[in-house]
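K.L.:
Dropping the structure in here first, questions after.
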Amino acid sequence: MSTTTMTQPYATVSEALAQPTLHRLEPNLIAVVWRLMKMAPARAILDHAEKQGLLQPGGHIVETSSGNFGYALAILARERGYRLTVVTDKGIKSNQQRAEALGSNVEVIETADGTNIQGARLARVRELLATDPHCFWPSQYANEQNPLGYDEAARHIVAHGGVPDVLVAPVGTGGSSRGLAQYLRLLNPSLRVVGVDTHGSVTFGLPDGPRLLTGLGSSSPIEIVDHTVYDEVHWVPASAAFRNTRNLFATTGLFQGPTSGAAHLVARRTAQAHRRLRVVTVCPDDAVRYQDTVFDDRWLADQGIDPHEPVAAPIEVRAPGNVEDGWSFINWERRTLRDVQVQQPRGG
Amino acid sequence: MIDKNRRKQLGWIVGSEGAPPFYTVSPAGVAIASSGCHVGEVLQGVVAGERCLASFTFDAPRTIAMFEPNDSGIVSVHPGSKRKSARAAEEVLARFGPPGRGGRLGVFGSLHEGIGLGSSSSEIDASSIATASAVGVTLDAQQRAEIMLTVDGATDPLMLPDHALLYAHRRAATIHDYGRWPSLEVIVVDTAAGTGGVDTATFSLPDYTESELRAFGMLESLLGHAIADGDVELLGTVATSSARINQRFLPKPRFEELVDIGKDHSAAGLVAAHTGTAVGWIFPRIHGRTVGDVAGLLSRLEALDLPPIDRLCK
């Protein structure tokens with residue numbers, strides 16, 4: 001019967017993009033590969049808004065986005081007949097061109113010194129919302145529908161790959177790890193959830209700083225992140241993520257973006273160290289939009305990154321304050337951020 | 001087992017596939033019927049906006065009912081507490097009996113009451129079949145369900161024990177038939193052994209969160225996969241997960257401990273009575289043999305003073 005199975009031929013592009021494919025990369029490692037994972041929460045958020053009457057036919061959606069979420073909204077807006085205004089930064093030009101081709105209005109925000117772009121974008125969104133009371137703001141960093149939208153992905157993973165023991169996911173909004181964890185832990189309460197963050201991101205307690213690895217991490221705390229979901233947290237530097245992203249493609253042909261490469265780096269190490277555990281790793285987007293950056297030798301050289309230098313093994317730390325420049329990890333043990341920062345045990 | 005010749009003497013009428021056996025003894029016209037049971041629910045919740053369930057039903061005769069018709073116009077029942085069974089008999093006579101028909105109903109149930117094995121449904125069902133048979137009528141599955149619904153306000157799919165059904169129990173309708181259950185055994189215990197069970201009439205309907213509702217959609221889909229693939233391990237996982245959601249509403253004591261005990265002995269999962277206290281460990285059966293460390297589980301249960309109250313196979 002299943003109310004949630006989407007089959008081919010697809011009636012909409014959005015439903016196709018929302019579904020991952022599963023790839024066995026090691027005997028005990030499955031990559032959960034999306035071309036555009038953000039389509040899953042985008043659909044869930046809009047479906048809910050429509051049901052609640054927050055979004056009417058012909059309505060106006062406004063959102064700030066680092067790229068993929070806005071792009072997902074642009075496709076949905078075209079499919080469902082909404083106007084979309086995306087307030088973004090100058091980071092990803094190809095995304096802007098594609099959104100405009102789909103009929104969206106893209107506003108590019110810059111700040112004088114290049115920092116706190118996120119804050120500036122939010123201010124502009126509030127300005128737009130104030131001028132149109134029927135405007136809907138999906139607000140992916142705060143909307144509970146974001147993690148809820150991963151039920152279909154969880155089903156797909158279990159139906160075709162079995163119930164996993166370990167889930168490795170990059171943490172941007174925290175939606176995919178929180179969402180998948182909530183559904184998969186129903187089937188396996190012992191599921192170990194490993195979050196992948198990067199230096200310069202405050203999400204797991206590091207100081208704010210510039211991040212070359214965009215699409216994961218954040219300059220300010222994210223509402224929907226639930227720190228108590230995570231058993232382990234890794235901080236992967238951009239250089240290691242980019243190297244592994246290229247390596248993943250070179251060894252398997254899987255052409256995914258750098259957040260996928262960051263998660264795969266961690267997942268492969270876990271799978272190789274624990275052959276009896278079933279590991280799944282989230283690969284959120286394909287590499288189409290990174291061909292001029294991560295996959296371009298000259299761009300990498302300009303960032304001071306040698307794509308062929310091997311990635312060193314990670315160092316375990318007891319607190320975020322002890323993280324230095326290289327790949328590091330901590331046994332987060334499903335604690336709150338505060339408990340981890342003061343090095344309290346869970347519930348202490 | 002009764003041999004063929006004796007069967008002829010007694011006028012055996014063996015029911016069609018899925019229906020329990022019953023016979024009438026002429027000339028007194030006493031009819032005897034049996035009905036089976038279920039063990040909790042593999043899935044109970046809300047799917048596509050409707051409250052529904054899928055349960056393991058077994059046609060092992062767990063309730064026997066006898067009905068001796070007369071012209072008294074009333075139904076008397078033994079034991080006197082079996083009011084719903086008497087109502088079922090009255091309902092059958094009202095629909096099918098000649099006017100003025102009454103009778104004496106005897107209900108002999110072996111199922112523990114109020115713990116989620118469907119003792120109430122089983123007794124109503126056996127009583128319905130026996131009464132109908134006594135007035136010369138063979139009830140079909142739909143009629144049996146309707147009588148149950150009239151008397152008890154809800155039904156369970158006792159009538160098709162071999163089929164895995166997603167069943168809208170509040171309106172006696174099958175939402176989906178997934179096909180035959182895979183071969184399996186369930187070892188049943190009462191987690192509240194000796195404390196009398198729960199009064200299911202006072203249990204209010206669970207108010208599920210959106211996360212739980214989406215989870216039910218996921219579980220329903222996985223149930224379909226499990227049955228299609230004959231995957232008892234996945235089936236066990238679905239059952240345990242549905243029970244886990246419902247722990248928020250009617251918790252079984254030591255639930256996760258019971259799940260872990262099952263895992264220790266290779267059980268596929270734990271099926272729980274969502275509105276009762278019974279649970280059952282699920283084991284696959286291959287070529288007529290139960291696979292898993294059943295002996296180990298039974299020893300463990302004995303040590304925990306949690307004796308099995310039934311073992312049922314498909």
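How things are named: the first chain in the structure tokens is A, the next is B, and so on; residues count from 1 in each chain; ligands count from 1 in the order shown.
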Any idea which chain B residues end up within 12 Å of chain A if we count only C-alpha atoms, as a compact mmCIF listing (two decimals) with C-alpha atoms, in the first residue's frame please?

P.N.:
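Output file result28.txt follows:
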```txt
# COMPACT_ATOMS: atom_id res chain seq x y z
CA VAL B 47 -1.75 5.47 8.81
CA ALA B 48 -3.04 7.84 6.13
CA GLY B 49 -5.20 9.58 8.70
CA LEU B 165 -3.94 -7.21 6.84
CA LEU B 166 -3.84 -3.54 7.58
CA THR B 174 -9.54 -4.12 5.52
CA ILE B 175 -7.40 -1.26 4.23
CA HIS B 176 -4.79 -3.46 2.61
CA ASP B 177 -4.02 -7.15 2.28
CA TYR B 178 -0.26 -7.70 2.08
CA GLY B 179 -0.56 -11.43 1.43
CA THR B 209 2.88 13.72 17.42
CA GLU B 210 3.69 14.50 13.81
CA SER B 211 6.99 12.68 14.16
CA GLU B 212 5.14 9.58 15.36
CA LEU B 213 2.60 9.83 12.54
CA ARG B 214 5.36 9.99 9.95
CA ALA B 215 7.08 7.10 11.71
CA PHE B 216 3.91 5.01 11.34
CA GLY B 217 3.96 5.72 7.62
CA MET B 218 7.53 4.50 7.51
CA LEU B 219 6.70 1.39 9.55
CA GLU B 220 3.68 0.54 7.40
CA SER B 221 5.83 0.69 4.30
CA LEU B 222 8.50 -1.49 5.92
CA LEU B 223 5.79 -3.95 6.97
CA GLY B 224 4.83 -4.33 3.33
CA HIS B 225 8.47 -4.94 2.37
CA ALA B 226 8.92 -7.48 5.15
CA ILE B 227 5.90 -9.52 4.14
CA ALA B 228 6.69 -9.33 0.43
CA ASP B 229 10.23 -10.57 1.10
CA ASP B 231 11.70 -11.13 6.02
CA GLU B 233 13.81 -10.02 10.94
CA LEU B 234 12.42 -6.82 9.42
CA LEU B 235 8.94 -7.82 10.56
CA GLY B 236 10.27 -8.19 14.09
CA THR B 237 11.91 -4.75 13.86
CA VAL B 238 8.61 -3.19 12.74
CA ALA B 239 6.73 -4.85 15.61
CA THR B 240 9.28 -3.70 18.20
CA SER B 241 9.26 -0.17 16.79
CA SER B 242 5.48 0.16 16.82
CA ALA B 243 5.49 -1.06 20.40
CA ARG B 244 8.22 1.45 21.21
CA ILE B 245 6.10 4.36 19.94
CA ASN B 246 3.17 3.15 22.00
CA GLN B 247 5.29 2.93 25.13
CA GLU B 256 13.76 -2.33 26.46
CA VAL B 259 13.64 -6.43 23.74
CA ASP B 260 17.29 -7.01 24.66
CA LYS B 263 18.08 -10.10 20.93
CA GLY B 269 11.64 -8.78 17.63
CA LEU B 270 9.01 -8.20 20.25
```

K.L.:
Can you work out which one of B:Val279, B:Leu205, B:Leu111, B:Val42 has the shortest atom-to-atom distance to Ala164 in chain B, counting only C-alpha atoms?

P.N.:
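Closest candidate: B:Val42.
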
K.L.:
What is the CA of Met37 in chain A to CA of Ala273 in chain A distance in Å?

P.N.:
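Going from CA of Met37 in chain A over to CA of Ala273 in chain A, I get 27.7 Å.
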
K.L.:
From a backbone DSSP assignment, name each residue in range 72-320 of chain A labelled strand (DSSP E or B), as JSON, numbers by chain.

P.N.:
{"A": [83, 84, 85, 86, 87, 88, 105, 106, 107, 108, 136, 166, 167, 168, 169, 170, 192, 193, 194, 195, 196, 197, 232, 233, 234, 235, 256, 279, 280, 281, 282, 283, 285, 286, 315, 316]}

K.L.:
Would you put the residues from that selection into a file with C-alpha atoms, as a PDB file, in the first residue's frame?

P.N.:
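Final output, out_32.pdb:
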```pdb
ATOM      1  CA  ARG A  83       6.704  33.545  -6.260  1.00  0.00           C
ATOM      2  CA  LEU A  84      10.065  33.115  -4.589  1.00  0.00           C
ATOM      3  CA  THR A  85      12.535  35.725  -3.399  1.00  0.00           C
ATOM      4  CA  VAL A  86      15.878  34.249  -2.369  1.00  0.00           C
ATOM      5  CA  VAL A  87      18.126  36.474  -0.274  1.00  0.00           C
ATOM      6  CA  THR A  88      21.609  35.090  -0.682  1.00  0.00           C
ATOM      7  CA  ASN A 105      13.942  36.723  -7.758  1.00  0.00           C
ATOM      8  CA  VAL A 106      17.450  36.585  -6.291  1.00  0.00           C
ATOM      9  CA  GLU A 107      18.773  39.335  -4.036  1.00  0.00           C
ATOM     10  CA  VAL A 108      22.487  39.304  -3.326  1.00  0.00           C
ATOM     11  CA  PHE A 136       5.854  32.738   3.940  1.00  0.00           C
ATOM     12  CA  VAL A 166      26.143   4.080  12.722  1.00  0.00           C
ATOM     13  CA  LEU A 167      24.934   7.224  10.930  1.00  0.00           C
ATOM     14  CA  VAL A 168      27.519   9.777   9.776  1.00  0.00           C
ATOM     15  CA  ALA A 169      26.195  13.130   8.564  1.00  0.00           C
ATOM     16  CA  PRO A 170      27.515  16.614   7.889  1.00  0.00           C
ATOM     17  CA  ARG A 192      25.468   5.820  16.946  1.00  0.00           C
ATOM     18  CA  VAL A 193      25.152   9.271  15.346  1.00  0.00           C
ATOM     19  CA  VAL A 194      28.338  10.982  14.212  1.00  0.00           C
ATOM     20  CA  GLY A 195      28.090  14.664  13.277  1.00  0.00           C
ATOM     21  CA  VAL A 196      30.635  16.258  10.961  1.00  0.00           C
ATOM     22  CA  ASP A 197      31.454  19.927  11.440  1.00  0.00           C
ATOM     23  CA  GLU A 232      30.480  11.676  18.323  1.00  0.00           C
ATOM     24  CA  VAL A 233      31.436  14.944  16.602  1.00  0.00           C
ATOM     25  CA  HIS A 234      34.257  15.497  14.122  1.00  0.00           C
ATOM     26  CA  TRP A 235      35.792  18.753  12.948  1.00  0.00           C
ATOM     27  CA  GLN A 256      29.581  14.646  -4.853  1.00  0.00           C
ATOM     28  CA  VAL A 279      27.664   2.328   8.685  1.00  0.00           C
ATOM     29  CA  VAL A 280      25.698   4.758   6.524  1.00  0.00           C
ATOM     30  CA  THR A 281      27.002   8.142   5.446  1.00  0.00           C
ATOM     31  CA  VAL A 282      24.960  11.087   4.206  1.00  0.00           C
ATOM     32  CA  CYS A 283      26.091  12.663   0.928  1.00  0.00           C
ATOM     33  CA  ASP A 285      24.701  17.174  -2.914  1.00  0.00           C
ATOM     34  CA  ASP A 286      26.369  16.464  -6.195  1.00  0.00           C
ATOM     35  CA  ILE A 315      43.133  13.484  16.973  1.00  0.00           C
ATOM     36  CA  GLU A 316      40.716  12.848  19.836  1.00  0.00           C
TER      37      GLU A 316
END
```

K.L.:
Would you give me, as a list in words, the residues in range 11-126 of chain B that DSSP reads as helix (DSSP H, G or I)?

P.N.:
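Of range 11-126 of chain B, only Arg83, Lys84, Ser85, Ala86, Arg87, Ala88, Ala89, Glu90, Glu91, Val92, Leu93, Ala94, Arg95, Phe96, Ser119, Ser120, Ser121, Ser122, Glu123, Ile124, Asp125 and Ala126 of chain B fall in helix (DSSP H, G or I).
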
K.L.:
Once you have the residues from the selection above, write them out as a PDB file, in the first residue's frame, restricted to C-alpha atoms.

P.N.:
```
ATOM      1  CA  ARG B  83     -22.358 -10.663  28.734  1.00  0.00           C
ATOM      2  CA  LYS B  84     -20.799  -9.770  25.383  1.00  0.00           C
ATOM      3  CA  SER B  85     -20.968 -13.375  24.222  1.00  0.00           C
ATOM      4  CA  ALA B  86     -24.660 -13.449  25.135  1.00  0.00           C
ATOM      5  CA  ARG B  87     -25.175 -10.192  23.211  1.00  0.00           C
ATOM      6  CA  ALA B  88     -23.489 -11.757  20.212  1.00  0.00           C
ATOM      7  CA  ALA B  89     -25.849 -14.740  20.389  1.00  0.00           C
ATOM      8  CA  GLU B  90     -28.842 -12.403  20.687  1.00  0.00           C
ATOM      9  CA  GLU B  91     -27.605 -10.390  17.706  1.00  0.00           C
ATOM     10  CA  VAL B  92     -27.269 -13.535  15.585  1.00  0.00           C
ATOM     11  CA  LEU B  93     -30.750 -14.736  16.545  1.00  0.00           C
ATOM     12  CA  ALA B  94     -32.205 -11.314  15.795  1.00  0.00           C
ATOM     13  CA  ARG B  95     -30.688 -11.395  12.306  1.00  0.00           C
ATOM     14  CA  PHE B  96     -31.104 -15.047  11.376  1.00  0.00           C
ATOM     15  CA  SER B 119     -10.131 -12.913  24.517  1.00  0.00           C
ATOM     16  CA  SER B 120     -13.193 -10.716  24.160  1.00  0.00           C
ATOM     17  CA  SER B 121     -13.203 -10.912  20.342  1.00  0.00           C
ATOM     18  CA  SER B 122     -12.495 -14.632  20.447  1.00  0.00           C
ATOM     19  CA  GLU B 123     -15.442 -15.339  22.751  1.00  0.00           C
ATOM     20  CA  ILE B 124     -17.790 -13.127  20.746  1.00  0.00           C
ATOM     21  CA  ASP B 125     -16.652 -14.789  17.533  1.00  0.00           C
ATOM     22  CA  ALA B 126     -16.993 -18.356  18.810  1.00  0.00           C
TER      23      ALA B 126
END
```

K.L.:
In Å, rounded to a single decimal, give me how far CA of Pro237 in chain A is from CA of Asp306 in chain A.

P.N.:
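A separation of 13.3 Å between them.
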
K.L.:
Residues near Gly40 in chain B, anyone? I mean within 7 Å using only C-alpha atoms, not counting same-chain ones fewer than 6 positions away, as a list in words.

P.N.:
Ser55, Gly116, Leu117, Val271, Ala272, Ala273, His274, Ala278 and Val279 of chain B

K.L.:
Take the residues that were just selected and, keeping C-alpha atoms, output them as a PDB file, in the first residue's frame.

P.N.:
```
ATOM      1  CA  SER B  55      -1.826  -8.206  14.075  1.00  0.00           C
ATOM      2  CA  GLY B 116      -4.196  -8.052  24.673  1.00  0.00           C
ATOM      3  CA  LEU B 117      -4.749 -11.529  23.237  1.00  0.00           C
ATOM      4  CA  VAL B 271       5.316  -7.907  19.433  1.00  0.00           C
ATOM      5  CA  ALA B 272       3.323  -6.127  22.101  1.00  0.00           C
ATOM      6  CA  ALA B 273      -0.300  -5.696  22.972  1.00  0.00           C
ATOM      7  CA  HIS B 274      -0.740  -1.989  22.408  1.00  0.00           C
ATOM      8  CA  ALA B 278       1.045  -9.288  26.810  1.00  0.00           C
ATOM      9  CA  VAL B 279       4.206  -9.378  24.715  1.00  0.00           C
TER      10      VAL B 279
END
```

K.L.:
For Leu301 in chain B, which residue among B:Arg285, B:His78, B:Cys313, B:Val188 is the nearest when counting only C-alpha atoms?

P.N.:
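Checking each candidate against Leu301 in chain B, we get B:Val188 as the closest.
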